[in-house]
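Colleague: Sharing a structure here in C-alpha cells format.
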Amino acid sequence: MKTNTELTSLLSGVAGEYYVAAELSARGYMASITLRNTKGVDILCSNDDASKTVAIQVKTNKHSNREWVLNEKCEKNQAENFFYVLVNLNDMEKAPDYFVIPSKTVADQAIKSHRDWLDAPGRKGQAHKDNTMRKFKDTDEEYLNRWDLLGL
C-alpha cells in the first residue's frame with residue numbers, strides 16, 4: 001500500500017471526489033461523480049426527491065493546512081447552486097475534513113487575495129508578476145462541515 005507521501009496530485013484529487021460523494025450519500029443525498037471531461041463540475045448532488053440540485057467542484061490537499069490552490073477560473077465560475085468542497089486528507093492520519101463554500105464566496109476571496117498579493121512587494125521589493133494561480137484560505141474553519149449551505 002502506498003503511503004501518503006507517494007500519493008500523486010491526480011490520485012489525491014480523485015480520492016477527494018470519492019470522499020465527498022461518500023459523505024453526501026451518507027447524509028441521504030444523491031451524489032454522482034461526473035466524467036472527467038465535465039468542465040468545472042466534479043459532482044452533481046440532489047436531495048432525495050430530486051427537486052433541488054447543486055453542482056460541486058472538489059479541490060483536495062493531501063495535508064491539513066487550511067489553504068487550497070485554485071486557478072483564475074474560480075473568479076468567474078459562480079452561481080447560486082454552485083459550490084466548492086475543499087478537502088484536507090490530513091496525511092491519511094485521520095478522517096478527511098470538508099469545507100463547503102458557496103462559489104461566490106470563493107470568487108470574492110480569490111479576487112481580493114490576488115489583488116492584495118499583486119499590490120504587495122515581493123521578497124526583494126519587486127512587483128509581483130500576474131499569474132493564473134489563486135488561493136483560498138479558511139484558517140478560522142468558518143466553512144468546516146457546512147453541508148447545510150448546500151440548501152438541500
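In the C-alpha cells, chains take the letters A, B, ... in the order shown, each chain's residues start at 1, and ligands count up from 1 in the order shown.
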Which residues, written as a PDB file with C-alpha atoms, in the first residue's frame, have at least one atom at most 12 Å from segment 44-46 of chain A, with only C-alpha atoms counted and residues fewer than 4 positions away on the same chain left out?

Modeller:
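Contents of part_4.pdb, as written:
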ATOM      1  CA  GLU A  17     -14.046  13.446  -5.073  1.00  0.00           C
ATOM      2  CA  VAL A  20     -17.110  13.928  -0.879  1.00  0.00           C
ATOM      3  CA  ALA A  21     -19.526  11.706  -2.826  1.00  0.00           C
ATOM      4  CA  ALA A  22     -19.482   9.164   0.012  1.00  0.00           C
ATOM      5  CA  GLU A  23     -20.108  11.861   2.630  1.00  0.00           C
ATOM      6  CA  LEU A  24     -23.022  13.268   0.643  1.00  0.00           C
ATOM      7  CA  SER A  25     -24.514   9.787   0.158  1.00  0.00           C
ATOM      8  CA  ARG A  27     -26.149  12.245   4.530  1.00  0.00           C
ATOM      9  CA  GLY A  28     -29.021  10.983   2.360  1.00  0.00           C
ATOM     10  CA  TYR A  29     -28.303  12.908  -0.833  1.00  0.00           C
ATOM     11  CA  MET A  30     -27.950  11.521  -4.353  1.00  0.00           C
ATOM     12  CA  ALA A  31     -24.396  12.237  -5.468  1.00  0.00           C
ATOM     13  CA  SER A  32     -22.968  11.434  -8.888  1.00  0.00           C
ATOM     14  CA  ILE A  33     -19.357  11.927  -9.834  1.00  0.00           C
ATOM     15  CA  THR A  34     -19.193  13.423 -13.326  1.00  0.00           C
ATOM     16  CA  LEU A  35     -16.990  12.268 -16.169  1.00  0.00           C
ATOM     17  CA  THR A  38     -17.158  17.839 -17.457  1.00  0.00           C
ATOM     18  CA  GLY A  40     -15.724  22.739 -13.595  1.00  0.00           C
ATOM     19  CA  ALA A  50     -34.517  15.416  -6.925  1.00  0.00           C
ATOM     20  CA  SER A  51     -36.342  18.737  -6.540  1.00  0.00           C
ATOM     21  CA  LYS A  52     -33.098  20.629  -5.856  1.00  0.00           C
ATOM     22  CA  THR A  53     -29.686  20.047  -7.394  1.00  0.00           C
ATOM     23  CA  VAL A  54     -26.274  21.589  -6.806  1.00  0.00           C
ATOM     24  CA  ALA A  55     -23.028  21.372  -8.739  1.00  0.00           C
ATOM     25  CA  ILE A  56     -19.831  20.821  -6.763  1.00  0.00           C
ATOM     26  CA  GLN A  57     -16.189  21.424  -7.606  1.00  0.00           C
ATOM     27  CA  VAL A  58     -13.852  19.447  -5.330  1.00  0.00           C
ATOM     28  CA  ASN A  81     -26.317  26.399  -6.969  1.00  0.00           C
ATOM     29  CA  PHE A  82     -22.527  26.005  -7.475  1.00  0.00           C
ATOM     30  CA  PHE A  83     -20.315  25.123  -4.517  1.00  0.00           C
ATOM     31  CA  TYR A  84     -16.761  24.180  -3.729  1.00  0.00           C
ATOM     32  CA  TRP A 147     -23.135  20.898   4.468  1.00  0.00           C
ATOM     33  CA  LEU A 150     -25.896  23.386   0.049  1.00  0.00           C
ATOM     34  CA  GLY A 151     -29.553  24.027   0.858  1.00  0.00           C
ATOM     35  CA  LEU A 152     -30.611  20.512   0.011  1.00  0.00           C
TER      36      LEU A 152
END

Colleague: Determine, counting only C-alpha atoms, which protein, DNA and RNA residues have an atom within 10 Å of an atom of Thr139 of chain A; residues of the same chain fewer than 4 positions away are not included. Present the result as a PyMOL selection string.

Modeller: chain A and resi 65-67+143-144

Colleague: From a DSSP calculation on the backbone, collect every residue of segment 3-147 of chain A in strand (DSSP E or B) and output the set as a PyMOL selection string.

Modeller: chain A and resi 30-33+43-46+53-61+67-71+82-88+97-102+121+127+133-137+144

Colleague: Could you save the residues just selected, with C-alpha atoms, as a PDB file, in the first residue's frame?

Modeller:
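And here's again_29.pdb as it stands now:
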ATOM      1  CA  MET A  30     -27.950  11.521  -4.353  1.00  0.00           C
ATOM      2  CA  ALA A  31     -24.396  12.237  -5.468  1.00  0.00           C
ATOM      3  CA  SER A  32     -22.968  11.434  -8.888  1.00  0.00           C
ATOM      4  CA  ILE A  33     -19.357  11.927  -9.834  1.00  0.00           C
ATOM      5  CA  ILE A  43     -20.156  16.083  -8.511  1.00  0.00           C
ATOM      6  CA  LEU A  44     -23.847  16.650  -9.166  1.00  0.00           C
ATOM      7  CA  CYS A  45     -25.869  16.291  -6.000  1.00  0.00           C
ATOM      8  CA  SER A  46     -29.600  16.436  -5.328  1.00  0.00           C
ATOM      9  CA  THR A  53     -29.686  20.047  -7.394  1.00  0.00           C
ATOM     10  CA  VAL A  54     -26.274  21.589  -6.806  1.00  0.00           C
ATOM     11  CA  ALA A  55     -23.028  21.372  -8.739  1.00  0.00           C
ATOM     12  CA  ILE A  56     -19.831  20.821  -6.763  1.00  0.00           C
ATOM     13  CA  GLN A  57     -16.189  21.424  -7.606  1.00  0.00           C
ATOM     14  CA  VAL A  58     -13.852  19.447  -5.330  1.00  0.00           C
ATOM     15  CA  LYS A  59     -10.329  20.595  -4.533  1.00  0.00           C
ATOM     16  CA  THR A  60      -8.150  18.394  -2.371  1.00  0.00           C
ATOM     17  CA  ASN A  61      -4.931  18.861  -0.497  1.00  0.00           C
ATOM     18  CA  GLU A  67      -5.283  26.631   2.140  1.00  0.00           C
ATOM     19  CA  TRP A  68      -6.077  25.371  -1.365  1.00  0.00           C
ATOM     20  CA  VAL A  69      -4.630  26.358  -4.725  1.00  0.00           C
ATOM     21  CA  LEU A  70      -7.180  27.246  -7.397  1.00  0.00           C
ATOM     22  CA  ASN A  71      -6.897  28.894 -10.792  1.00  0.00           C
ATOM     23  CA  PHE A  82     -22.527  26.005  -7.475  1.00  0.00           C
ATOM     24  CA  PHE A  83     -20.315  25.123  -4.517  1.00  0.00           C
ATOM     25  CA  TYR A  84     -16.761  24.180  -3.729  1.00  0.00           C
ATOM     26  CA  VAL A  85     -15.979  21.401  -1.308  1.00  0.00           C
ATOM     27  CA  LEU A  86     -12.360  21.755  -0.278  1.00  0.00           C
ATOM     28  CA  VAL A  87     -10.908  18.609   1.251  1.00  0.00           C
ATOM     29  CA  ASN A  88      -7.976  18.010   3.564  1.00  0.00           C
ATOM     30  CA  ASP A  97     -12.001  17.431   6.704  1.00  0.00           C
ATOM     31  CA  TYR A  98     -14.541  19.061   4.385  1.00  0.00           C
ATOM     32  CA  PHE A  99     -15.033  22.769   3.795  1.00  0.00           C
ATOM     33  CA  VAL A 100     -18.293  23.571   1.984  1.00  0.00           C
ATOM     34  CA  ILE A 101     -18.217  27.017   0.400  1.00  0.00           C
ATOM     35  CA  PRO A 102     -20.539  28.904  -1.968  1.00  0.00           C
ATOM     36  CA  PRO A 121       6.078  43.934  -2.875  1.00  0.00           C
ATOM     37  CA  ALA A 127       6.428  43.906  -8.112  1.00  0.00           C
ATOM     38  CA  MET A 133      -2.859  30.890  -9.552  1.00  0.00           C
ATOM     39  CA  ARG A 134      -5.336  31.787  -6.820  1.00  0.00           C
ATOM     40  CA  LYS A 135      -5.600  30.643  -3.219  1.00  0.00           C
ATOM     41  CA  PHE A 136      -8.477  30.125  -0.854  1.00  0.00           C
ATOM     42  CA  LYS A 137      -7.909  30.045   2.896  1.00  0.00           C
ATOM     43  CA  LEU A 144     -15.776  23.287   8.092  1.00  0.00           C
TER      44      LEU A 144
END

Colleague: Record the distance separating atom CA of Ala26 of chain A and atom CA of Val14 of chain A, expressed in Å with one decimal.

Modeller: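 Separating atom CA of Ala26 of chain A from atom CA of Val14 of chain A is a distance of 18.4 Å.
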
Colleague: Distance atom CA of Asp140 of chain A-atom CA of Asp119 of chain A, one decimal place?

Modeller: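 Straight-line distance from atom CA of Asp140 of chain A to atom CA of Asp119 of chain A works out to 24.2 Å.
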
Colleague: Of the candidates A:Ala79, A:Leu89, A:Cys74, A:Val41, which one gets nearest to Leu11 of chain A if we count only C-alpha atoms?

Modeller: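 Going through A:Ala79, A:Leu89, A:Cys74, A:Val41 one by one, the smallest distance to Leu11 of chain A is for A:Leu89.
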
Colleague: Which residues are close to Trp117 of chain A, i.e. within 10 Å by only C-alpha atoms, leaving aside same-chain residues fewer than 4 positions away? Reply as a PyMOL selection string.

Modeller: chain A and resi 111-113+121-122+127-130+134

Colleague: In Å, rounded to a single decimal, give me how far atom CA of Ser103 of chain A is from atom CA of Asp116 of chain A.

Modeller: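 Separation of atom CA of Asp116 of chain A and atom CA of Ser103 of chain A: 19.9 Å.
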
Colleague: Per DSSP on the backbone, filter chain A down to the residues in alpha helix (DSSP H) and report them as a ChimeraX atom specification.

Modeller: /A:9-26,103-119
